[in-house]
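Novice: Below: one structure in structure tokens.
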Amino acid sequence: MAGTMTDDAPLAGPAGPAGPRSGGAPGDPDGSPRGAGADRPCPPAPGPPALLAVLLSGTGRTLENLLAAIAAGDLHARVGAVVSSVPDVRGLAVAAAAGVPSAVVRRRDHPDDAAYSAAVYAALDAAVAPARPDLILLAGFLRKLVVPDDLLGRILNIHPALLPEAAAVAAGRGYYGERVHAAVLASGAAESGATVHVVDNGYDTGPVVLQERVPVLPGDTPATLGARVFAAECRLYPAAIRRHLATRPDLRDRRSGA
Ligand code: GRF
């Protein structure tokens with residue numbers, strides 16, 4: 001269905017099941033709250049915020065959205081590090097304005113994708129040492145990452161099309177930005193959307209965490225479809241991060257840096 005997420009999970013932060021709820025306990029005839037702790041387990045403390053690292057290459061709209069979700073209490077997390085593959089992009093200014101340490105790691109300064117990826121991970125780790133990021137988020141990052149075994153499941157990407165449905169026409173190497181939306185329109189699809197997926201060693205091939213669908217409307221251009229998809233992305237990415245953190249509690253085991 002257009003405009004709805006395909007799935008969602010219990011929230012990891014204080015806004016989810018771990019946080020306060022209103023209304024009476026089940027079975028209360030008048031719905032009034034019972035005494036504290038009468039028949040419900042005490043909600044667990046939310047724990048420290050998840051430590052996020054963000055990779056970008058451009059405008060940083062996705063980083064801005066994540067920072068806004070955190071500020072609004074919709075995401076129990078903090079962004080501890082940003083790496084850009086391109087110098088002087090707006091995304092770096094977004095990081096600076098939020099007080100997030102950032103670094104530029106350029107592909108051309110490294111001999112291959114593996115060496116480049118290792119330099120990116122080292123820059124992220126250095127920014128949050130002695131901790132390590134719980135989760136690395138690709139946010140408009142346009143370089144190939146090689147994912148070592150210890151980071152499998154710890155890196156998420158958001159793609160501005162439906163995966164795997166649109167994989168054959170609008171995903172993979174070279175499909176980013178308005179190229180994706182132009183390809184979806186050219187395919188004649190009635191729907192597009194956004195997908196958050198785990199990053200593996202392919203292009204846009206990892207397991208899907210969450211997806212949100214939007215309609216393709218008569219007269220759409222890549223720009224109008226892109227704006228509709230990006231609005232969906234702003235809902236989807238925070239929800240997918242909450243879901244992933246909630247379903248993969250093992251991701252939090254490196255925060256001490258021990
Ligand atoms: C979005 O289309 C997103 O799906 C893709 O990068 C775009 C956002 O880039 N991964 P930015 O945040 O505006 O730099």
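Lettering and numbering for the structure tokens are positional, with chains as A, B, ... in the shown order, residues counted from 1 in each chain, and ligands counted from 1 in the shown order.
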Write out as a PyMOL selection string all residues of region 23-215 of chain A that backbone DSSP assigns to strand (DSSP E).
Specialist: chain A and resi 50-56+77-84+102-104+135-138+155-159+191-198+208-215
Novice: Identify all residues of region 195-258 of chain A in helix (DSSP H, G or I) (DSSP on the backbone) and supply them as an NGL selection string.
Specialist: :A and (222-247 or 249-254)
Novice: Residues within 6 Å of region 71-77 of chain A, please, as an NGL selection string. Count only C-alpha atoms; anything in the same chain fewer than 3 positions from it doesn't count.
Specialist: :A and (13 or 49-51 or 68)
Novice: Report as a Markdown table the residues of chain A within 10 Å of ligand 1, each with its shortest atom pair and distance in Å (one decimal), using only C-alpha atoms and all ligand atoms, ordered by chain and increasing residue number.
Specialist:
```
| residue | atom | partner | partner_atom_place_in_ligand_line | distance |
| --- | --- | --- | --- | --- |
| A:Leu55 | CA | ligand 1 | 14 (O) | 9.5 |
| A:Leu56 | CA | ligand 1 | 14 (O) | 6.1 |
| A:Ser57 | CA | ligand 1 | 14 (O) | 6.1 |
| A:Gly58 | CA | ligand 1 | 14 (O) | 4.2 |
| A:Thr59 | CA | ligand 1 | 14 (O) | 3.9 |
| A:Gly60 | CA | ligand 1 | 12 (O) | 4.0 |
| A:Arg61 | CA | ligand 1 | 12 (O) | 3.7 |
| A:Thr62 | CA | ligand 1 | 12 (O) | 3.6 |
| A:Leu63 | CA | ligand 1 | 12 (O) | 6.0 |
| A:Glu64 | CA | ligand 1 | 12 (O) | 7.6 |
| A:Asn65 | CA | ligand 1 | 12 (O) | 8.3 |
| A:Leu66 | CA | ligand 1 | 12 (O) | 9.8 |
| A:Ser84 | CA | ligand 1 | 14 (O) | 10.0 |
| A:Val89 | CA | ligand 1 | 14 (O) | 9.0 |
| A:Arg90 | CA | ligand 1 | 14 (O) | 8.2 |
| A:Gly91 | CA | ligand 1 | 14 (O) | 6.7 |
| A:Leu137 | CA | ligand 1 | 10 (N) | 9.7 |
| A:Leu138 | CA | ligand 1 | 10 (N) | 6.7 |
| A:Ala139 | CA | ligand 1 | 10 (N) | 5.1 |
| A:Gly140 | CA | ligand 1 | 6 (O) | 3.2 |
| A:Phe141 | CA | ligand 1 | 10 (N) | 6.4 |
| A:Leu142 | CA | ligand 1 | 10 (N) | 7.9 |
| A:Asn157 | CA | ligand 1 | 10 (N) | 6.5 |
| A:Ile158 | CA | ligand 1 | 10 (N) | 4.9 |
| A:His159 | CA | ligand 1 | 4 (O) | 4.1 |
| A:Pro160 | CA | ligand 1 | 4 (O) | 4.0 |
| A:Ala161 | CA | ligand 1 | 4 (O) | 7.6 |
| A:Tyr175 | CA | ligand 1 | 5 (C) | 9.6 |
| A:Tyr176 | CA | ligand 1 | 5 (C) | 6.5 |
| A:Gly177 | CA | ligand 1 | 2 (O) | 5.2 |
| A:Glu178 | CA | ligand 1 | 2 (O) | 7.9 |
| A:Arg179 | CA | ligand 1 | 2 (O) | 9.9 |
| A:Val180 | CA | ligand 1 | 2 (O) | 8.4 |
| A:His181 | CA | ligand 1 | 2 (O) | 9.2 |
| A:Gly193 | CA | ligand 1 | 4 (O) | 9.5 |
| A:Ala194 | CA | ligand 1 | 4 (O) | 6.8 |
| A:Thr195 | CA | ligand 1 | 4 (O) | 8.0 |
| A:Val196 | CA | ligand 1 | 4 (O) | 8.7 |
| A:Gly226 | CA | ligand 1 | 2 (O) | 7.4 |
| A:Ala227 | CA | ligand 1 | 2 (O) | 9.1 |
| A:Val229 | CA | ligand 1 | 2 (O) | 7.8 |
| A:Phe230 | CA | ligand 1 | 2 (O) | 6.3 |
| A:Ala232 | CA | ligand 1 | 4 (O) | 9.8 |
| A:Glu233 | CA | ligand 1 | 4 (O) | 6.9 |
| A:Cys234 | CA | ligand 1 | 1 (C) | 9.6 |
| A:Tyr237 | CA | ligand 1 | 4 (O) | 9.5 |
```
Novice: I need the residues from that last selection saved to file as a compact mmCIF listing (two decimals), in the first residue's frame (with N, CA and C atoms), if you can.
Specialist:
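Output (result.txt):
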```txt
# COMPACT_ATOMS: atom_id res chain seq x y z
N LEU A 55 28.34 7.93 6.98
CA LEU A 55 29.16 8.13 5.78
C LEU A 55 28.34 8.87 4.73
N LEU A 56 28.91 9.90 4.14
CA LEU A 56 28.19 10.68 3.14
C LEU A 56 29.15 11.15 2.05
N SER A 57 28.53 11.67 0.98
CA SER A 57 29.33 12.20 -0.14
C SER A 57 28.79 13.52 -0.65
N GLY A 58 27.72 14.05 -0.04
CA GLY A 58 27.10 15.21 -0.67
C GLY A 58 26.38 16.12 0.30
N THR A 59 25.08 16.27 0.05
CA THR A 59 24.34 17.37 0.69
C THR A 59 24.05 17.15 2.16
N GLY A 60 24.07 15.92 2.62
CA GLY A 60 23.85 15.67 4.04
C GLY A 60 22.41 15.81 4.48
N ARG A 61 21.46 15.72 3.55
CA ARG A 61 20.05 15.79 3.98
C ARG A 61 19.69 14.61 4.88
N THR A 62 20.25 13.48 4.57
CA THR A 62 19.96 12.29 5.37
C THR A 62 20.56 12.41 6.76
N LEU A 63 21.78 12.94 6.85
CA LEU A 63 22.37 13.21 8.16
C LEU A 63 21.51 14.19 8.93
N GLU A 64 21.07 15.25 8.28
CA GLU A 64 20.20 16.23 8.94
C GLU A 64 18.95 15.56 9.50
N ASN A 65 18.37 14.69 8.70
CA ASN A 65 17.15 14.01 9.13
C ASN A 65 17.42 13.13 10.36
N LEU A 66 18.53 12.44 10.35
CA LEU A 66 18.85 11.58 11.50
C LEU A 66 19.09 12.43 12.75
N SER A 84 33.19 11.84 5.08
CA SER A 84 32.77 12.16 3.72
C SER A 84 33.82 11.66 2.74
N VAL A 89 31.83 19.35 1.03
CA VAL A 89 30.41 19.18 0.72
C VAL A 89 29.56 19.71 1.88
N ARG A 90 28.30 19.97 1.58
CA ARG A 90 27.40 20.51 2.59
C ARG A 90 27.26 19.57 3.78
N GLY A 91 27.31 18.27 3.55
CA GLY A 91 27.18 17.31 4.65
C GLY A 91 28.20 17.55 5.75
N LEU A 137 26.10 4.08 9.18
CA LEU A 137 24.96 4.39 8.32
C LEU A 137 25.43 5.09 7.06
N LEU A 138 25.12 4.51 5.92
CA LEU A 138 25.41 5.17 4.65
C LEU A 138 24.28 6.16 4.37
N ALA A 139 24.67 7.40 4.11
CA ALA A 139 23.69 8.48 3.96
C ALA A 139 24.07 9.30 2.74
N GLY A 140 23.80 8.73 1.57
CA GLY A 140 24.22 9.39 0.34
C GLY A 140 25.70 9.19 0.09
N PHE A 141 26.24 8.03 0.49
CA PHE A 141 27.66 7.71 0.33
C PHE A 141 27.83 6.97 -0.99
N LEU A 142 28.72 7.48 -1.83
CA LEU A 142 28.78 7.00 -3.22
C LEU A 142 29.98 6.13 -3.53
N ASN A 157 22.32 0.87 4.64
CA ASN A 157 22.22 1.85 3.57
C ASN A 157 20.75 2.14 3.31
N ILE A 158 20.47 3.34 2.81
CA ILE A 158 19.12 3.63 2.34
C ILE A 158 19.19 3.88 0.84
N HIS A 159 18.35 3.17 0.11
CA HIS A 159 18.33 3.28 -1.36
C HIS A 159 16.99 3.86 -1.77
N PRO A 160 16.98 4.81 -2.72
CA PRO A 160 15.73 5.50 -3.04
C PRO A 160 14.87 4.76 -4.07
N ALA A 161 14.73 3.47 -3.89
CA ALA A 161 13.84 2.65 -4.73
C ALA A 161 13.50 1.39 -3.96
N TYR A 175 23.71 3.74 -9.95
CA TYR A 175 22.33 4.19 -9.71
C TYR A 175 22.27 4.93 -8.39
N TYR A 176 22.21 6.25 -8.48
CA TYR A 176 22.06 7.09 -7.30
C TYR A 176 21.33 8.36 -7.73
N GLY A 177 20.80 9.06 -6.75
CA GLY A 177 20.13 10.33 -7.01
C GLY A 177 19.02 10.21 -8.06
N GLU A 178 18.94 11.23 -8.91
CA GLU A 178 17.82 11.26 -9.86
C GLU A 178 17.93 10.19 -10.93
N ARG A 179 19.11 9.60 -11.09
CA ARG A 179 19.22 8.47 -12.03
C ARG A 179 18.29 7.33 -11.63
N VAL A 180 18.16 7.13 -10.32
CA VAL A 180 17.30 6.06 -9.83
C VAL A 180 15.85 6.36 -10.21
N HIS A 181 15.42 7.58 -9.94
CA HIS A 181 14.02 7.93 -10.19
C HIS A 181 13.72 7.95 -11.69
N GLY A 193 9.62 3.84 -4.01
CA GLY A 193 9.71 3.86 -2.55
C GLY A 193 11.15 3.93 -2.13
N ALA A 194 11.38 3.55 -0.90
CA ALA A 194 12.73 3.56 -0.34
C ALA A 194 12.94 2.27 0.43
N THR A 195 14.19 1.87 0.50
CA THR A 195 14.54 0.61 1.15
C THR A 195 15.76 0.82 2.03
N VAL A 196 15.68 0.39 3.25
CA VAL A 196 16.87 0.31 4.10
C VAL A 196 17.32 -1.14 4.14
N GLY A 226 11.43 11.97 -6.83
CA GLY A 226 12.50 11.97 -5.85
C GLY A 226 12.10 12.67 -4.56
N ALA A 227 11.36 13.76 -4.67
CA ALA A 227 10.92 14.47 -3.47
C ALA A 227 9.95 13.61 -2.66
N VAL A 229 9.83 10.32 -2.65
CA VAL A 229 10.61 9.22 -2.06
C VAL A 229 11.43 9.73 -0.87
N PHE A 230 12.01 10.93 -1.01
CA PHE A 230 12.84 11.41 0.10
C PHE A 230 12.00 11.66 1.35
N ALA A 232 9.52 9.92 2.22
CA ALA A 232 9.39 8.58 2.80
C ALA A 232 10.68 8.17 3.51
N GLU A 233 11.82 8.50 2.91
CA GLU A 233 13.10 8.15 3.53
C GLU A 233 13.24 8.75 4.93
N CYS A 234 12.72 9.97 5.07
CA CYS A 234 12.87 10.66 6.37
C CYS A 234 12.11 9.93 7.47
N TYR A 237 14.20 5.80 7.57
CA TYR A 237 15.55 5.47 8.08
C TYR A 237 15.56 5.40 9.62
```
Novice: Any idea what's packed within 8 Å of Val169 (chain A), counting only C-alpha atoms, ignoring anything in its chain fewer than 5 positions away? Could you give it as a list of chain:residue names?
Specialist: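 Surrounding residues, per the criterion: A:Ala183, A:Val184, A:Ser187.
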Novice: Keeping only N, CA and C atoms, take the residues you just selected and write them out as a PDB file, in the first residue's frame.
Specialist:
```pdb
ATOM      1  N   ALA A 183      15.094   6.024 -13.847  1.00  0.00           N
ATOM      2  CA  ALA A 183      15.013   4.617 -14.256  1.00  0.00           C
ATOM      3  C   ALA A 183      13.687   3.992 -13.849  1.00  0.00           C
ATOM      4  N   VAL A 184      13.202   4.349 -12.666  1.00  0.00           N
ATOM      5  CA  VAL A 184      11.902   3.826 -12.226  1.00  0.00           C
ATOM      6  C   VAL A 184      10.803   4.324 -13.162  1.00  0.00           C
ATOM      7  N   SER A 187      10.780   2.576 -16.399  1.00  0.00           N
ATOM      8  CA  SER A 187      10.331   1.180 -16.320  1.00  0.00           C
ATOM      9  C   SER A 187       8.805   1.062 -16.364  1.00  0.00           C
TER      10      SER A 187
END
```
Novice: At what distance in Å, to one decimal, does CA of Ile136 (chain A) lie from CA of Ile155 (chain A)?
Specialist: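 Those two atoms sit 4.6 Å apart.
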Novice: List as a compact mmCIF listing (two decimals) with N, CA and C atoms, in the first residue's frame the protein and nucleic acid residues near Leu163 (chain A), meaning an atom at most 10 Å away when only C-alpha atoms are counted, but skip any in the same chain fewer than 5 places from it.
Specialist:
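Saved the output as around.txt:
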```
# COMPACT_ATOMS: atom_id res chain seq x y z
N ALA A 168 16.63 -4.74 -10.66
CA ALA A 168 17.09 -4.94 -12.04
C ALA A 168 17.12 -3.64 -12.84
N ALA A 170 16.85 -0.20 -11.24
CA ALA A 170 17.16 1.05 -10.55
C ALA A 170 18.06 0.86 -9.35
N ALA A 171 18.97 -0.07 -9.40
CA ALA A 171 19.90 -0.27 -8.29
C ALA A 171 21.20 -0.82 -8.85
N SER A 192 7.04 3.36 -6.42
CA SER A 192 8.45 3.32 -6.06
C SER A 192 8.52 3.36 -4.55
N GLY A 193 9.62 3.84 -4.01
CA GLY A 193 9.71 3.86 -2.55
C GLY A 193 11.15 3.93 -2.13
N ALA A 194 11.38 3.55 -0.90
CA ALA A 194 12.73 3.56 -0.34
C ALA A 194 12.94 2.27 0.43
N THR A 195 14.19 1.87 0.50
CA THR A 195 14.54 0.61 1.15
C THR A 195 15.76 0.82 2.03
N VAL A 196 15.68 0.39 3.25
CA VAL A 196 16.87 0.31 4.10
C VAL A 196 17.32 -1.14 4.14
N HIS A 197 18.59 -1.35 3.82
CA HIS A 197 19.09 -2.72 3.80
C HIS A 197 20.47 -2.80 4.45
N ASP A 204 23.84 -2.76 -3.32
CA ASP A 204 22.39 -2.72 -3.05
C ASP A 204 21.80 -4.12 -2.99
N THR A 205 22.54 -5.07 -2.43
CA THR A 205 22.09 -6.46 -2.46
C THR A 205 21.80 -7.05 -1.09
N GLY A 206 22.11 -6.34 -0.01
CA GLY A 206 22.00 -6.94 1.32
C GLY A 206 20.56 -7.11 1.77
N PRO A 207 20.36 -7.87 2.85
CA PRO A 207 19.01 -8.13 3.35
C PRO A 207 18.26 -6.84 3.70
N VAL A 208 16.98 -6.81 3.35
CA VAL A 208 16.15 -5.63 3.59
C VAL A 208 15.76 -5.56 5.07
N LEU A 210 13.76 -2.58 6.24
CA LEU A 210 12.42 -1.98 6.12
C LEU A 210 12.31 -1.31 4.76
N GLN A 211 11.07 -1.16 4.33
CA GLN A 211 10.79 -0.56 3.03
C GLN A 211 9.54 0.31 3.18
```
Novice: Can you list, as a PyMOL selection string, every protein, DNA or RNA residue that comes within 9 Å of Leu217 (chain A) when you count only C-alpha atoms, leaving out same-chain residues fewer than 4 positions away?
Specialist: chain A and resi 190-191+225
Novice: Given the selection you just returned, output its residues as a file containing N, CA and C atoms, formatted as a CSV table (one decimal), in the first residue's frame.
Specialist:
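Contents of the output file selection18.csv:
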```csv
chain,number,residue,atom,x,y,z
A,190,ALA,N,4.3,1.4,-11.3
A,190,ALA,CA,3.2,2.2,-10.7
A,190,ALA,C,3.6,2.6,-9.3
A,191,GLU,N,4.6,2.0,-8.7
A,191,GLU,CA,5.1,2.4,-7.4
A,191,GLU,C,6.6,2.5,-7.3
A,225,LEU,N,9.2,12.7,-8.3
A,225,LEU,CA,9.2,11.4,-7.6
A,225,LEU,C,10.3,11.3,-6.6
```
